[in-house]
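**Student:** Provided below: protein.cif, containing mmCIF, C-alpha atoms and all ligand atoms.
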data_target
loop_
_atom_site.label_atom_id
_atom_site.label_comp_id
_atom_site.auth_asym_id
_atom_site.auth_seq_id
_atom_site.Cartn_x
_atom_site.Cartn_y
_atom_site.Cartn_z
CA MET A 1 71.45 -115.84 -124.52
CA PRO A 2 69.79 -115.25 -127.93
CA ASN A 3 72.02 -116.20 -130.89
CA THR A 4 71.32 -112.81 -132.42
CA PHE A 5 72.94 -110.93 -129.52
CA LYS A 6 75.68 -108.79 -130.96
CA LYS A 7 78.89 -108.23 -129.03
CA LEU A 8 80.10 -104.64 -128.77
CA GLU A 9 82.45 -103.47 -131.46
CA ILE A 10 85.37 -102.04 -129.57
CA GLY A 11 89.16 -102.17 -129.87
CA TYR A 12 91.24 -104.02 -127.29
CA LYS A 13 94.74 -104.31 -128.76
CA LYS A 14 97.60 -102.12 -127.64
CA THR A 15 98.54 -99.37 -130.05
CA CYS A 16 101.79 -98.26 -128.41
CA ASN A 17 105.30 -99.46 -129.20
CA CYS A 18 106.10 -100.70 -125.70
CA PRO A 19 107.62 -104.18 -125.53
CA GLU A 20 105.02 -106.97 -125.28
CA LYS A 21 106.12 -107.96 -121.76
CA HIS A 22 105.71 -104.49 -120.24
CA ILE A 23 102.65 -104.12 -118.05
CA ASN A 24 102.11 -100.43 -118.97
CA CYS A 25 103.53 -97.48 -120.87
CA LEU A 26 105.19 -95.88 -117.81
CA GLU A 27 108.86 -94.96 -117.52
CA ALA A 28 110.98 -96.35 -114.66
CA LYS A 29 110.77 -93.09 -112.66
CA GLU A 30 106.96 -93.08 -112.68
CA TRP A 31 106.99 -96.78 -111.78
CA VAL A 32 108.88 -96.08 -108.54
CA ARG A 33 106.37 -93.42 -107.51
CA ASN A 34 103.55 -95.89 -108.01
CA GLN A 35 104.99 -98.51 -105.69
CA VAL A 36 103.92 -96.66 -102.55
CA ALA A 37 100.85 -98.48 -101.23
CA ILE A 38 99.13 -95.34 -99.95
CA TRP A 39 97.44 -93.31 -102.65
CA GLU A 40 96.08 -89.82 -102.45
CA PHE A 41 93.86 -88.17 -105.06
CA PHE A 42 92.63 -84.66 -105.57
CA TYR A 43 89.53 -83.46 -107.37
CA GLU A 44 89.76 -81.43 -110.55
CA LYS A 45 87.16 -79.12 -112.11
CA ARG A 46 85.58 -81.86 -114.21
CA ASP A 47 84.92 -84.08 -111.18
CA VAL A 48 81.26 -84.17 -110.20
CA ARG A 49 80.78 -83.61 -106.45
CA ASP A 50 77.08 -82.81 -106.38
CA LYS A 51 75.37 -85.57 -104.37
CA ASN A 52 72.06 -84.77 -106.09
CA ILE A 53 73.61 -86.00 -109.35
CA HIS A 54 75.17 -89.13 -107.82
CA PRO A 55 75.80 -89.89 -104.14
CA ALA A 56 79.16 -91.70 -104.44
CA VAL A 57 81.51 -90.61 -107.21
CA PHE A 58 85.25 -91.24 -107.12
CA PRO A 59 87.76 -88.69 -108.49
CA ILE A 60 88.86 -89.07 -112.14
CA ALA A 61 92.41 -89.40 -110.81
CA LEU A 62 91.64 -92.79 -109.21
CA PRO A 63 90.70 -94.83 -112.31
CA LYS A 64 93.28 -92.83 -114.28
CA LYS A 65 96.09 -94.04 -112.04
CA CYS A 66 94.88 -97.65 -112.34
CA ILE A 67 94.58 -97.35 -116.12
CA GLU A 68 98.11 -95.96 -116.44
CA LEU A 69 99.52 -98.63 -114.14
CA PHE A 70 97.84 -101.68 -115.61
CA THR A 71 97.18 -101.05 -119.30
CA HIS A 72 98.72 -99.83 -122.54
CA LYS A 73 97.27 -97.28 -124.95
CA GLY A 74 94.52 -98.79 -127.06
CA GLU A 75 93.70 -101.60 -124.62
CA LEU A 76 90.23 -102.20 -123.21
CA VAL A 77 89.10 -101.10 -119.73
CA LEU A 78 85.88 -102.28 -118.07
CA ASP A 79 83.90 -100.64 -115.28
CA PRO A 80 81.04 -102.96 -114.17
CA PHE A 81 79.50 -100.31 -111.84
CA LEU A 82 79.98 -97.17 -113.86
CA GLY A 83 77.93 -94.61 -111.93
CA ILE A 84 78.20 -91.37 -113.87
CA GLY A 85 81.09 -92.42 -116.07
CA THR A 86 84.22 -91.33 -114.21
CA THR A 87 86.24 -94.34 -115.41
CA LEU A 88 85.29 -93.66 -119.02
CA VAL A 89 86.41 -90.03 -118.71
CA ALA A 90 89.77 -91.29 -117.40
CA ALA A 91 89.98 -93.81 -120.26
CA LEU A 92 89.24 -91.12 -122.84
CA ASP A 93 91.97 -88.92 -121.35
CA SER A 94 94.43 -91.82 -121.45
CA ASP A 95 93.71 -93.08 -125.00
CA ARG A 96 92.18 -96.36 -123.81
CA ASN A 97 89.04 -98.06 -125.10
CA ALA A 98 86.51 -98.60 -122.36
CA VAL A 99 83.05 -99.89 -121.61
CA GLY A 100 80.99 -99.22 -118.50
CA PHE A 101 77.74 -100.68 -117.16
CA ASP A 102 75.20 -99.25 -114.76
CA LEU A 103 71.73 -100.42 -113.82
CA ASN A 104 70.36 -96.93 -113.52
CA LYS A 105 69.43 -95.01 -116.70
CA LYS A 106 69.67 -91.67 -114.94
CA TYR A 107 73.38 -92.36 -114.40
CA THR A 108 74.12 -93.79 -117.85
CA ASP A 109 72.42 -90.77 -119.45
CA TYR A 110 74.60 -88.49 -117.36
CA SER A 111 77.72 -90.50 -118.32
CA LYS A 112 76.91 -90.06 -122.01
CA LYS A 113 76.51 -86.33 -121.51
CA ARG A 114 79.87 -86.20 -119.71
CA LEU A 115 81.60 -88.03 -122.54
CA ALA A 116 80.03 -85.94 -125.28
CA GLN A 117 82.52 -83.13 -124.74
CA PRO A 118 85.12 -83.16 -127.50
CA LYS A 119 88.62 -84.27 -126.66
CA LEU A 120 91.27 -81.94 -127.95
CA ASN A 121 94.55 -83.85 -127.94
CA PHE A 122 94.36 -87.52 -128.60
CA SER A 123 97.06 -89.59 -130.18
CA VAL A 124 94.92 -92.69 -130.73
CA GLU A 125 91.29 -93.01 -131.82
CA THR A 126 89.43 -94.84 -129.01
CA LYS A 127 85.83 -95.58 -128.02
CA GLN A 128 84.15 -95.28 -124.64
CA ILE A 129 80.82 -97.10 -124.55
CA VAL A 130 78.13 -96.68 -121.88
CA VAL A 131 75.65 -99.54 -121.37
CA CYS A 132 72.54 -99.40 -119.20
CA ASP A 133 72.26 -102.97 -117.93
CA ASP A 134 72.84 -105.23 -114.95
CA ALA A 135 76.53 -106.09 -114.55
CA ILE A 136 75.56 -109.78 -114.45
CA ASN A 137 74.95 -109.47 -118.23
CA ILE A 138 78.45 -108.18 -119.07
CA PRO A 139 79.56 -111.51 -120.67
CA LYS A 140 76.85 -111.02 -123.31
CA TYR A 141 78.56 -107.85 -124.54
CA LEU A 142 82.28 -108.65 -124.56
CA GLU A 143 84.50 -111.26 -126.17
CA LYS A 144 86.65 -113.57 -124.06
CA GLU A 145 90.19 -112.45 -123.14
CA THR A 146 89.81 -108.91 -124.43
CA VAL A 147 89.71 -106.84 -121.23
CA ALA A 148 93.08 -105.55 -119.96
CA LEU A 149 91.74 -103.99 -116.74
CA SER A 150 88.53 -103.95 -114.74
CA VAL A 151 88.34 -101.01 -112.36
CA THR A 152 85.36 -99.93 -110.32
CA SER A 153 83.83 -98.81 -107.10
CA PRO A 154 80.79 -101.01 -106.51
CA PRO A 155 78.06 -100.07 -104.03
CA TYR A 156 79.33 -100.59 -100.47
CA ALA A 157 76.51 -103.10 -99.78
CA ASN A 158 73.53 -101.23 -98.33
CA MET A 159 75.64 -98.48 -96.76
CA LEU A 160 73.66 -95.69 -98.43
CA ASN A 161 70.30 -97.30 -97.72
CA HIS A 162 70.02 -95.55 -94.34
CA GLN A 163 69.15 -92.04 -93.26
CA ARG A 164 72.32 -90.00 -93.67
CA LEU A 165 73.65 -88.77 -90.31
CA ASN A 166 76.69 -86.83 -91.61
CA LYS A 167 78.70 -88.03 -88.62
CA SER A 168 81.98 -86.87 -90.10
CA ILE A 169 80.86 -83.25 -90.26
CA ARG A 170 81.05 -80.89 -87.32
CA GLY A 171 78.65 -78.25 -86.02
CA ASP A 172 75.93 -76.60 -88.06
CA LEU A 173 77.33 -77.94 -91.33
CA ARG A 174 76.19 -81.41 -90.27
CA LYS A 175 72.53 -80.55 -90.82
CA ASN A 176 73.04 -79.79 -94.49
CA GLU A 177 70.53 -80.57 -97.27
CA HIS A 178 71.53 -84.28 -97.23
CA TYR A 179 70.97 -84.75 -93.47
CA LEU A 180 68.51 -87.60 -92.70
CA LYS A 181 67.98 -88.27 -96.41
CA VAL A 182 68.29 -91.82 -97.82
CA GLN A 183 70.48 -91.54 -100.92
CA GLN A 184 70.35 -95.02 -102.40
CA TYR A 185 71.01 -95.46 -106.12
CA SER A 186 67.63 -97.07 -106.94
CA ASN A 187 64.94 -99.45 -105.71
CA ASN A 188 65.75 -102.04 -108.36
CA PRO A 189 66.00 -105.44 -106.59
CA ARG A 190 69.18 -106.11 -108.61
CA ASP A 191 70.81 -102.95 -107.25
CA LEU A 192 73.70 -104.10 -105.02
CA GLY A 193 73.23 -100.92 -103.01
CA ILE A 194 70.05 -102.19 -101.37
CA MET A 195 71.29 -105.72 -100.60
CA LYS A 196 72.25 -106.88 -97.12
CA LEU A 197 75.87 -107.90 -96.73
CA GLN A 198 75.64 -111.64 -97.41
CA GLU A 199 73.31 -111.29 -100.39
CA TYR A 200 75.54 -108.46 -101.65
CA ILE A 201 78.71 -110.59 -101.49
CA GLU A 202 76.93 -113.41 -103.34
CA ALA A 203 75.67 -111.08 -106.08
CA LEU A 204 79.07 -109.40 -106.46
CA THR A 205 80.78 -112.80 -106.67
CA GLU A 206 78.44 -114.00 -109.43
CA ILE A 207 79.16 -110.84 -111.43
CA TYR A 208 82.94 -111.25 -111.10
CA LYS A 209 82.74 -114.96 -111.93
CA GLY A 210 81.19 -113.91 -115.26
CA ILE A 211 83.86 -111.25 -115.85
CA LEU A 212 86.91 -113.53 -115.28
CA PRO A 213 86.84 -115.25 -118.74
CA LEU A 214 86.66 -111.80 -120.40
CA LEU A 215 89.98 -110.74 -118.86
CA LYS A 216 93.28 -111.31 -120.59
CA PRO A 217 95.65 -113.54 -118.60
CA ARG A 218 97.27 -111.44 -115.84
CA ALA A 219 94.80 -108.62 -116.38
CA HIS A 220 94.24 -106.70 -113.15
CA CYS A 221 90.89 -106.26 -111.49
CA ILE A 222 90.61 -103.32 -109.09
CA ILE A 223 87.82 -102.89 -106.55
CA ASN A 224 87.56 -99.72 -104.47
CA ILE A 225 85.58 -100.48 -101.32
CA ASN A 226 85.01 -99.50 -97.72
CA ASP A 227 83.89 -101.55 -94.71
CA LEU A 228 80.40 -101.25 -93.30
CA TRP A 229 79.46 -99.91 -89.89
CA GLU A 230 76.07 -100.95 -88.66
CA ASN A 231 74.65 -100.81 -85.13
CA ASN A 232 78.08 -100.01 -83.69
CA ARG A 233 79.70 -103.01 -85.44
CA ARG A 234 82.29 -103.06 -88.15
CA TYR A 235 81.72 -105.52 -90.99
CA SER A 236 84.90 -106.32 -92.87
CA THR A 237 83.44 -106.04 -96.38
CA HIS A 238 86.92 -105.82 -97.93
CA SER A 239 88.04 -109.18 -96.50
CA TYR A 240 84.76 -110.88 -97.50
CA ILE A 241 85.36 -109.64 -101.04
CA ILE A 242 88.94 -110.94 -101.09
CA GLU A 243 87.73 -114.36 -99.94
CA ALA A 244 84.87 -114.44 -102.47
CA MET A 245 87.07 -113.33 -105.40
CA GLU A 246 89.67 -116.01 -104.63
CA LYS A 247 86.92 -118.64 -104.54
CA VAL A 248 85.89 -117.83 -108.12
CA GLY A 249 89.47 -117.87 -109.47
CA TYR A 250 90.99 -114.40 -109.02
CA GLU A 251 94.35 -114.06 -107.30
CA PHE A 252 94.68 -111.35 -104.64
CA ARG A 253 97.77 -109.22 -105.40
CA ASN A 254 97.77 -106.01 -103.38
CA ILE A 255 95.90 -103.88 -100.94
CA ILE A 256 96.25 -100.13 -101.28
CA ILE A 257 94.98 -97.52 -98.87
CA TRP A 258 93.29 -94.51 -100.41
CA ASP A 259 94.26 -91.78 -97.97
CA LYS A 260 91.33 -89.34 -97.95
CA ARG A 261 92.43 -87.16 -95.03
CA LYS A 262 92.90 -84.08 -97.20
CA LEU A 263 89.40 -84.52 -98.66
CA VAL A 264 87.61 -84.62 -95.30
CA ASN A 265 86.81 -81.20 -93.89
CA ARG A 266 85.98 -80.20 -90.34
CA VAL A 267 85.96 -83.68 -88.87
CA GLY A 268 83.84 -84.15 -85.73
CA ILE A 269 84.78 -86.18 -82.60
CA TYR A 270 83.35 -89.63 -83.05
CA GLY A 271 82.97 -92.05 -80.10
CA TRP A 272 84.85 -89.92 -77.55
CA PRO A 273 85.34 -90.56 -74.65
CA SER A 274 84.06 -94.12 -74.37
CA ASN A 275 84.21 -95.82 -77.75
CA TYR A 276 87.24 -95.82 -80.07
CA ILE A 277 86.21 -95.90 -83.71
CA THR A 278 88.42 -94.71 -86.54
CA LEU A 279 86.62 -92.37 -88.84
CA SER A 280 86.06 -94.51 -91.89
CA THR A 281 85.69 -91.43 -94.07
CA THR A 282 89.46 -90.89 -93.78
CA PHE A 283 90.46 -93.90 -95.87
CA GLU A 284 89.18 -96.57 -98.24
CA TYR A 285 90.58 -99.80 -99.63
CA ILE A 286 91.73 -100.35 -103.18
CA LEU A 287 91.87 -104.11 -103.72
CA ASP A 288 94.01 -105.38 -106.55
CA PHE A 289 93.41 -108.84 -108.03
CA TRP A 290 94.51 -110.44 -111.25
CA LYS A 291 93.54 -113.34 -113.46
CA PRO A 292 96.23 -115.94 -112.81
C1 LIG A 301 79.68 -96.37 -106.07
S1 LIG A 301 78.69 -96.18 -107.51
C2 LIG A 301 79.89 -95.98 -108.78
C3 LIG A 301 80.28 -94.54 -108.97
C4 LIG A 301 81.34 -94.35 -110.03
N1 LIG A 301 82.63 -94.83 -109.61
C5 LIG A 301 81.44 -92.88 -110.42
O1 LIG A 301 82.50 -92.25 -110.17
O2 LIG A 301 80.47 -92.32 -110.93
C6 LIG A 301 78.03 -97.77 -107.80
C7 LIG A 301 77.06 -97.86 -108.97
O3 LIG A 301 76.66 -99.23 -109.13
C8 LIG A 301 75.39 -99.22 -109.76
N2 LIG A 301 74.80 -100.58 -109.61
C9 LIG A 301 74.24 -101.16 -108.53
N3 LIG A 301 73.89 -102.43 -108.78
C10 LIG A 301 74.23 -102.68 -110.08
C11 LIG A 301 74.16 -103.82 -110.93
N4 LIG A 301 73.60 -104.97 -110.52
N5 LIG A 301 74.63 -103.72 -112.20
C12 LIG A 301 75.19 -102.55 -112.64
N6 LIG A 301 75.28 -101.44 -111.89
C13 LIG A 301 74.83 -101.50 -110.62
C14 LIG A 301 74.64 -98.10 -109.05
O4 LIG A 301 73.58 -97.59 -109.85
C15 LIG A 301 75.77 -97.07 -108.80
O5 LIG A 301 75.73 -96.04 -109.75
#
Kindly return the structure encoded in the file as structure tokens.
Ligand SMILES: C[S@@+](CC[C@H](N)C(=O)[O-])C[C@H]1O[C@@H](n2cnc3c(N)ncnc32)[C@H](O)[C@@H]1O
**Tutor:**
Amino acid sequence: MPNTFKKLEIGYKKTCNCPEKHINCLEAKEWVRNQVAIWEFFYEKRDVRDKNIHPAVFPIALPKKCIELFTHKGELVLDPFLGIGTTLVAALDSDRNAVGFDLNKKYTDYSKKRLAQPKLNFSVETKQIVVCDDAINIPKYLEKETVALSVTSPPYANMLNHQRLNKSIRGDLRKNEHYLKVQQYSNNPRDLGIMKLQEYIEALTEIYKGILPLLKPRAHCIININDLWENNRRYSTHSYIIEAMEKVGYEFRNIIIWDKRKLVNRVGIYGWPSNYITLSTTFEYILDFWKP
């Protein structure tokens, strides 16, 4: 790393009056609601659902819930695979500083555009910084023990690097404008979305190994992921990630199911009558680790 490389100037200290030992700014009542391990999210107007802009965006409500659960106002949130900036929008809404990285300039440009809209009611001045770079370089940008939460949805290995068959959609709707299209993020060899499973797990592990020293002790690290189906076989991506993260020093804390049933419309019959396969579009995993 060149000596001249300048770390990002961004706040990371809590600005609220909550006691030091509290994990977040939530009241006891909200805490109870958050202990259920099945989460459901709904889209709001500002969510971007156009697959021509980005093929795999999560709802603002997802990172927002993680931010509220695991950080205080003013603390620093990291998204290593930013996409079009959803985590930074949630951080802005919640008065948290945040930085997000994506390999693809098209997406970082869109993130900046999304964040340019003025915020009306904020109680604390915060920054949300978008960086176009490989997530492997994150340690060049951030100081050690400054990040209070890492939250992201990485590529699901090479899941998108196939012709889209829209198997979860029924009837004529199935042959929509995305049918048979390959909607990968990019052709960059460092793009985790074009890597085969083993190479993908290795690349992801290297990235998270670099992130660990940047986290404050007991900072949470959330990874939203789904398993892979290929040639009629399920690959347990989520358990490979748990194993890999533990190997590089993270501690696995929780597994949460993102219940997507209300987001899936007009589901088709899949496998009937000979092959039982649960429709993986109906749920995803939210893996929760921390720095011990
Ligand atoms: C599932 S998307 C994230 C979407 C995001 N949660 C959102 O709501 O917009 C994963 C992102 O990882 C990015 N990506 C892939 N490999 C990367 C790498 N090595 N470093 C940084 N970003 C990468 C892709 O460009 C893609 O936008």
**Student:** One decimal, Å: what's the distance from CA of Leu92 in chain A over to CA of Gln128 in chain A, could you say?
**Tutor:**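 Separation between CA of Leu92 in chain A and CA of Gln128 in chain A: 6.8 Å.
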**Student:** Could you make a table, as JSON lines, of the residues of chain A that have an atom within 6 Å of an atom of ligand LIG 301 (chain A), each with its nearest atom pair and distance in Å to one decimal, counting all atoms listed in the file, in chain and number order?
**Tutor:**
{"residue": "A:Ala56", "atom": "CA", "partner": "A:LIG301", "partner_atom": "C1", "distance": 5.0}
{"residue": "A:Val57", "atom": "CA", "partner": "A:LIG301", "partner_atom": "O1", "distance": 3.5}
{"residue": "A:Phe58", "atom": "CA", "partner": "A:LIG301", "partner_atom": "O1", "distance": 4.2}
{"residue": "A:Phe81", "atom": "CA", "partner": "A:LIG301", "partner_atom": "O3", "distance": 4.1}
{"residue": "A:Leu82", "atom": "CA", "partner": "A:LIG301", "partner_atom": "C4", "distance": 4.9}
{"residue": "A:Gly83", "atom": "CA", "partner": "A:LIG301", "partner_atom": "O5", "distance": 3.4}
{"residue": "A:Ile84", "atom": "CA", "partner": "A:LIG301", "partner_atom": "O2", "distance": 3.8}
{"residue": "A:Gly85", "atom": "CA", "partner": "A:LIG301", "partner_atom": "O2", "distance": 5.2}
{"residue": "A:Thr86", "atom": "CA", "partner": "A:LIG301", "partner_atom": "O1", "distance": 4.5}
{"residue": "A:Phe101", "atom": "CA", "partner": "A:LIG301", "partner_atom": "C12", "distance": 5.5}
{"residue": "A:Asp102", "atom": "CA", "partner": "A:LIG301", "partner_atom": "N6", "distance": 3.6}
{"residue": "A:Leu103", "atom": "CA", "partner": "A:LIG301", "partner_atom": "N6", "distance": 4.2}
{"residue": "A:Asn104", "atom": "CA", "partner": "A:LIG301", "partner_atom": "O4", "distance": 4.9}
{"residue": "A:Asp134", "atom": "CA", "partner": "A:LIG301", "partner_atom": "N5", "distance": 3.6}
{"residue": "A:Ala135", "atom": "CA", "partner": "A:LIG301", "partner_atom": "N5", "distance": 3.8}
{"residue": "A:Thr152", "atom": "CA", "partner": "A:LIG301", "partner_atom": "N1", "distance": 5.8}
{"residue": "A:Ser153", "atom": "CA", "partner": "A:LIG301", "partner_atom": "N1", "distance": 4.9}
{"residue": "A:Pro154", "atom": "CA", "partner": "A:LIG301", "partner_atom": "C6", "distance": 4.4}
{"residue": "A:Pro155", "atom": "CA", "partner": "A:LIG301", "partner_atom": "C6", "distance": 4.4}
{"residue": "A:Tyr185", "atom": "CA", "partner": "A:LIG301", "partner_atom": "O4", "distance": 5.0}
{"residue": "A:Arg190", "atom": "CA", "partner": "A:LIG301", "partner_atom": "N4", "distance": 4.9}
{"residue": "A:Asp191", "atom": "CA", "partner": "A:LIG301", "partner_atom": "N3", "distance": 3.5}
{"residue": "A:Leu192", "atom": "CA", "partner": "A:LIG301", "partner_atom": "N3", "distance": 4.1}
{"residue": "A:Gly193", "atom": "CA", "partner": "A:LIG301", "partner_atom": "C9", "distance": 5.6}
**Student:** Give the answer as one residue: which of A:Glu202, A:Asp259, A:Asp109, A:Glu75 has the shortest atom-to-atom distance to Val147 in chain A, using only C-alpha atoms?
**Tutor:**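 Checking each of A:Glu202, A:Asp259, A:Asp109, A:Glu75 against Val147 in chain A, counting only C-alpha atoms, the winner is A:Glu75.
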**Student:** Provide the CA of Trp229 in chain A to CA of Asn158 in chain A distance in Å, to one decimal place.
**Tutor:**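 Distance reported for this atom pair: 10.4 Å.
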**Student:** What is the CA of Gly74 in chain A to CA of Pro217 in chain A distance in Å?
**Tutor:** 17.0 Å
**Student:** Which one is closest to Glu251 in chain A: A:Leu214, A:Trp272, A:Lys291, A:Ile225? Count all atoms listed in the file.
**Tutor:**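 Smallest separation from Glu251 in chain A among the options: A:Lys291.
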